[in-house]
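Text of query.cif (mmCIF, C-alpha atoms) as supplied:
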```cif
data_run
loop_
_atom_site.label_atom_id
_atom_site.label_comp_id
_atom_site.auth_asym_id
_atom_site.auth_seq_id
_atom_site.Cartn_x
_atom_site.Cartn_y
_atom_site.Cartn_z
CA MET A 1 -142.38 -48.04 -38.16
CA ARG A 2 -139.80 -50.52 -39.41
CA ILE A 3 -138.28 -52.65 -36.67
CA LEU A 4 -136.74 -56.10 -36.98
CA LEU A 5 -138.81 -58.93 -35.54
CA ALA A 6 -136.15 -59.54 -32.89
CA ALA A 7 -136.57 -55.97 -31.72
CA VAL A 8 -140.32 -56.37 -31.40
CA ALA A 9 -139.83 -59.30 -29.05
CA ALA A 10 -137.68 -57.05 -26.89
CA LEU A 11 -140.28 -54.31 -26.51
CA VAL A 12 -141.23 -53.84 -22.89
CA LEU A 13 -143.48 -51.62 -20.84
CA ALA A 14 -142.25 -50.09 -17.63
CA GLY A 15 -143.27 -47.32 -15.29
CA CYS A 16 -141.34 -44.08 -15.04
CA GLN A 17 -141.24 -42.63 -11.55
CA ALA A 18 -139.50 -39.39 -12.55
CA GLU A 19 -142.32 -38.13 -14.75
CA VAL A 20 -144.86 -35.49 -13.80
CA PRO A 21 -148.29 -36.86 -14.79
CA GLY A 22 -150.18 -34.59 -17.17
CA ARG A 23 -147.14 -32.82 -18.61
CA ALA A 24 -145.95 -33.41 -22.15
CA SER A 25 -142.92 -32.05 -23.89
CA ALA A 26 -143.11 -29.97 -27.05
CA ASP A 27 -142.72 -33.25 -28.95
CA GLY A 28 -145.76 -34.86 -27.30
CA PHE A 29 -149.00 -35.80 -29.05
CA VAL A 30 -152.54 -35.74 -27.69
CA VAL A 31 -154.75 -38.63 -28.83
CA LYS A 32 -156.93 -37.08 -31.53
CA ASP A 33 -159.73 -39.64 -31.81
CA ALA A 34 -160.31 -41.52 -28.57
CA THR A 35 -162.35 -44.21 -30.33
CA ARG A 36 -159.45 -45.31 -32.59
CA LEU A 37 -157.01 -46.51 -29.93
CA ARG A 38 -157.73 -49.60 -27.82
CA PHE A 39 -155.63 -51.60 -25.38
CA ARG A 40 -156.23 -55.34 -25.56
CA PRO A 41 -154.49 -58.22 -23.75
CA VAL A 42 -152.57 -60.61 -25.99
CA LEU A 43 -153.99 -64.11 -25.55
CA THR A 44 -151.94 -65.81 -28.29
CA GLU A 45 -149.23 -64.72 -30.71
CA LEU A 46 -148.60 -66.61 -33.94
CA PRO A 47 -145.42 -66.08 -35.99
CA PRO A 48 -145.40 -64.43 -39.42
CA GLY A 49 -146.20 -66.57 -42.42
CA PRO A 50 -148.48 -66.82 -45.43
CA PRO A 51 -152.21 -67.04 -44.74
CA ALA A 52 -153.54 -70.59 -44.47
CA GLY A 53 -157.21 -71.40 -44.97
CA ALA A 54 -160.32 -69.40 -45.72
CA PRO A 55 -160.88 -66.10 -43.88
CA GLY A 56 -162.63 -66.77 -40.58
CA GLN A 57 -164.65 -65.08 -37.87
CA ARG A 58 -162.23 -62.59 -36.27
CA GLN A 59 -164.37 -61.81 -33.22
CA SER A 60 -165.39 -65.28 -32.10
CA THR A 61 -165.25 -66.36 -28.45
CA ASP A 62 -164.33 -69.93 -29.49
CA PRO A 63 -160.56 -70.62 -29.21
CA ALA A 64 -160.48 -73.01 -32.19
CA THR A 65 -162.28 -70.47 -34.39
CA GLN A 66 -159.90 -67.74 -33.20
CA GLU A 67 -156.81 -69.77 -34.08
CA ALA A 68 -158.18 -70.70 -37.52
CA ALA A 69 -158.99 -67.04 -38.21
CA ALA A 70 -155.51 -65.99 -37.08
CA ARG A 71 -153.82 -68.51 -39.38
CA ALA A 72 -155.96 -67.35 -42.32
CA LEU A 73 -155.40 -63.63 -41.75
CA ASP A 74 -153.38 -61.89 -44.47
CA CYS A 75 -150.90 -59.62 -42.69
CA GLU A 76 -148.96 -58.36 -45.69
CA PRO A 77 -148.36 -54.58 -45.59
CA GLY A 78 -150.95 -52.72 -47.63
CA THR A 79 -153.56 -55.47 -47.36
CA PRO A 80 -156.95 -53.86 -46.61
CA ASP A 81 -158.48 -54.77 -43.26
CA ALA A 82 -162.11 -55.85 -43.59
CA LEU A 83 -162.88 -54.61 -40.06
CA ASP A 84 -160.98 -51.31 -40.38
CA GLY A 85 -161.91 -50.08 -36.92
CA ARG A 86 -165.39 -51.58 -36.79
CA ASP A 87 -164.42 -54.30 -34.31
CA ASP A 88 -166.49 -54.65 -31.15
CA PRO A 89 -164.26 -53.69 -28.18
CA ALA A 90 -166.25 -55.99 -25.88
CA LEU A 91 -165.34 -59.10 -27.91
CA PRO A 92 -162.00 -60.82 -28.59
CA LEU A 93 -160.23 -59.81 -31.80
CA VAL A 94 -157.96 -61.63 -34.22
CA SER A 95 -155.53 -59.06 -35.62
CA CYS A 96 -151.99 -58.62 -36.83
CA ASP A 97 -149.09 -56.22 -36.97
CA PRO A 98 -148.80 -55.58 -40.72
CA THR A 99 -145.28 -54.19 -40.30
CA GLN A 100 -143.94 -57.34 -38.63
CA GLY A 101 -146.49 -59.88 -39.89
CA ALA A 102 -147.16 -61.38 -36.45
CA ARG A 103 -150.75 -62.54 -35.84
CA TYR A 104 -152.53 -62.14 -32.52
CA VAL A 105 -155.59 -63.36 -30.69
CA LEU A 106 -156.53 -60.48 -28.39
CA GLY A 107 -158.93 -60.24 -25.48
CA PRO A 108 -161.63 -57.58 -25.08
CA ALA A 109 -160.41 -53.99 -24.81
CA PHE A 110 -159.93 -52.62 -21.30
CA LEU A 111 -158.68 -49.10 -22.11
CA SER A 112 -159.19 -46.67 -25.00
CA GLY A 113 -157.65 -43.49 -26.33
CA ALA A 114 -159.90 -41.56 -23.94
CA ASP A 115 -157.74 -42.93 -21.09
CA VAL A 116 -154.47 -41.54 -22.53
CA GLY A 117 -153.47 -37.94 -21.85
CA TRP A 118 -150.50 -37.72 -24.22
CA VAL A 119 -147.83 -39.73 -26.03
CA GLU A 120 -144.27 -38.71 -26.87
CA ALA A 121 -140.98 -40.05 -28.19
CA ARG A 122 -137.81 -39.13 -26.33
CA LEU A 123 -134.36 -40.34 -25.32
CA ASP A 124 -133.84 -42.21 -22.07
CA PRO A 125 -131.30 -40.07 -20.15
CA ALA A 126 -129.88 -43.19 -18.47
CA THR A 127 -129.20 -45.19 -21.64
CA GLY A 128 -129.48 -42.73 -24.52
CA SER A 129 -131.97 -45.08 -26.21
CA ALA A 130 -135.16 -43.87 -27.86
CA LEU A 131 -138.43 -44.73 -26.15
CA VAL A 132 -142.14 -43.90 -26.31
CA ALA A 133 -143.82 -42.51 -23.19
CA LEU A 134 -147.55 -42.57 -22.50
CA ASN A 135 -149.28 -40.59 -19.78
CA PHE A 136 -152.71 -41.85 -18.69
CA THR A 137 -155.60 -39.84 -17.34
CA ALA A 138 -156.47 -40.31 -13.65
CA ALA A 139 -159.16 -42.89 -14.46
CA GLY A 140 -156.94 -44.58 -17.06
CA ALA A 141 -154.02 -44.74 -14.60
CA ARG A 142 -156.17 -46.61 -12.06
CA THR A 143 -157.27 -49.19 -14.61
CA TRP A 144 -153.73 -49.49 -16.01
CA ALA A 145 -152.25 -50.00 -12.53
CA GLU A 146 -154.72 -52.77 -11.76
CA TRP A 147 -154.26 -54.47 -15.12
CA THR A 148 -150.46 -54.29 -15.22
CA GLY A 149 -150.26 -55.46 -11.60
CA GLY A 150 -152.14 -58.62 -12.49
CA ASN A 151 -150.41 -59.27 -15.81
CA VAL A 152 -146.66 -58.90 -15.27
CA GLY A 153 -144.79 -60.85 -17.95
CA LYS A 154 -147.72 -60.79 -20.38
CA GLN A 155 -148.17 -58.73 -23.53
CA VAL A 156 -150.62 -55.93 -24.22
CA ALA A 157 -151.55 -54.82 -27.73
CA MET A 158 -152.15 -51.20 -28.67
CA VAL A 159 -154.64 -51.44 -31.51
CA VAL A 160 -155.70 -48.71 -33.94
CA ARG A 161 -158.46 -49.39 -36.46
CA SER A 162 -158.36 -53.14 -35.75
CA ARG A 163 -154.58 -53.40 -36.41
CA VAL A 164 -151.85 -53.93 -33.83
CA LEU A 165 -149.32 -51.08 -33.62
CA THR A 166 -147.17 -52.68 -30.94
CA ALA A 167 -147.53 -55.50 -28.40
CA PRO A 168 -144.96 -54.97 -25.63
CA GLN A 169 -144.48 -57.09 -22.53
CA ILE A 170 -145.39 -55.81 -19.06
CA GLN A 171 -142.27 -55.72 -16.88
CA SER A 172 -143.87 -54.59 -13.61
CA ALA A 173 -147.01 -53.04 -12.15
CA ILE A 174 -147.23 -49.45 -13.39
CA THR A 175 -148.90 -47.41 -10.68
CA ASP A 176 -148.03 -43.78 -11.45
CA GLY A 177 -149.87 -43.40 -14.75
CA VAL A 178 -146.72 -42.95 -16.84
CA THR A 179 -145.52 -45.80 -19.06
CA GLN A 180 -142.48 -46.28 -21.25
CA ILE A 181 -142.29 -48.53 -24.29
CA THR A 182 -138.66 -49.47 -24.78
CA GLY A 183 -136.90 -51.57 -27.39
CA LYS A 184 -134.36 -51.22 -30.16
CA PHE A 185 -135.92 -48.04 -31.55
CA THR A 186 -134.23 -45.36 -33.56
CA MET A 187 -135.60 -41.93 -32.70
CA PRO A 188 -137.52 -41.68 -36.02
CA GLU A 189 -139.11 -45.08 -35.29
CA ALA A 190 -140.08 -44.00 -31.77
CA GLN A 191 -141.53 -40.74 -33.11
CA GLN A 192 -143.55 -42.60 -35.73
CA LEU A 193 -144.91 -45.04 -33.12
CA ALA A 194 -145.89 -42.14 -30.85
CA LYS A 195 -147.69 -40.44 -33.76
CA ASP A 196 -149.43 -43.67 -34.74
CA ILE A 197 -150.64 -44.30 -31.17
CA ALA A 198 -151.97 -40.77 -30.93
CA GLY A 199 -153.42 -40.80 -34.44
CA ALA A 200 -151.46 -37.63 -35.21
#
```
Represent the structure from my file as structure tokens, please.
Amino acid sequence: MRILLAAVAALVLAGCQAEVPGRASADGFVVKDATRLRFRPVLTELPPGPPAGAPGQRQSTDPATQEAAARALDCEPGTPDALDGRDDPALPLVSCDPTQGARYVLGPAFLSGADVGWVEARLDPATGSALVALNFTAAGARTWAEWTGGNVGKQVAMVVRSRVLTAPQIQSAITDGVTQITGKFTMPEAQQLAKDIAGA
């Protein structure tokens, strides 16, 4: 997915009251490997830039170690990730979005691909803009409602194989199990993000 950095900052998560939980359109994707996708809170975001310092411990619980590891992380597209999905979901994670170059310090995972029923890209009928919709399972919807309710205004990272796909901001508590990721997407970009989230 190729989106300008300004567009990434505008990504938001919102609920969608008109959706029927559990139903996906013909363009929807089911998460193929539930262990690949993890939802982690964003603790810190660092801007893009060249790596500075020696590679550090990316799953430390020490804030100073986390920041040093984030500054040293090479986020250039195509750079191999030493963790490559072997991160411990119970520990914090230093990661990046290789498309945008932003570096993140993330908290422990609180949801996984097993909590997502389906993902799809579609047009918002109100605005005509492309968006990505996620539908959570019943258990996932309960956790998501609690987490979003307590973290309005904060970012959440959707991580696949230790890399951040997107880190939108929570706009409100999302209590119905259906979430929209909105931003300055083209439809091909939204479709690619939906496929990447689902591992399709």
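Using all atoms listed in the file, the shortest contact distance between Ser129 (chain A) and any of A:Asp176, A:Glu189, A:Glu45, A:Glu76 is found at A:Glu189.
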Picked residues, the PyMOL selection byres ((chain A and resi 87-102) around 7), expected as a ChimeraX atom specification: /A:2,5,45-48,58-61,66,69-70,75-77,83,85-86,103-109,162-165
Of the listed residues A:Thr148, A:Thr166, A:Thr127, A:Ser172, that which approaches Ala190 (chain A) most closely, counting all atoms listed in the file: A:Thr166
Separation of CA of Ala167 (chain A) from CA of Gln155 (chain A), in Å and rounded to one decimal: 5.9 Å
Picked residues, the PyMOL selection byres ((chain A and resi 115-121) around 10), expected as a VMD selection string: chain A and resid 21 to 32 34 37 to 39 110 to 114 122 to 124 130 to 144 177 to 181 187 to 198
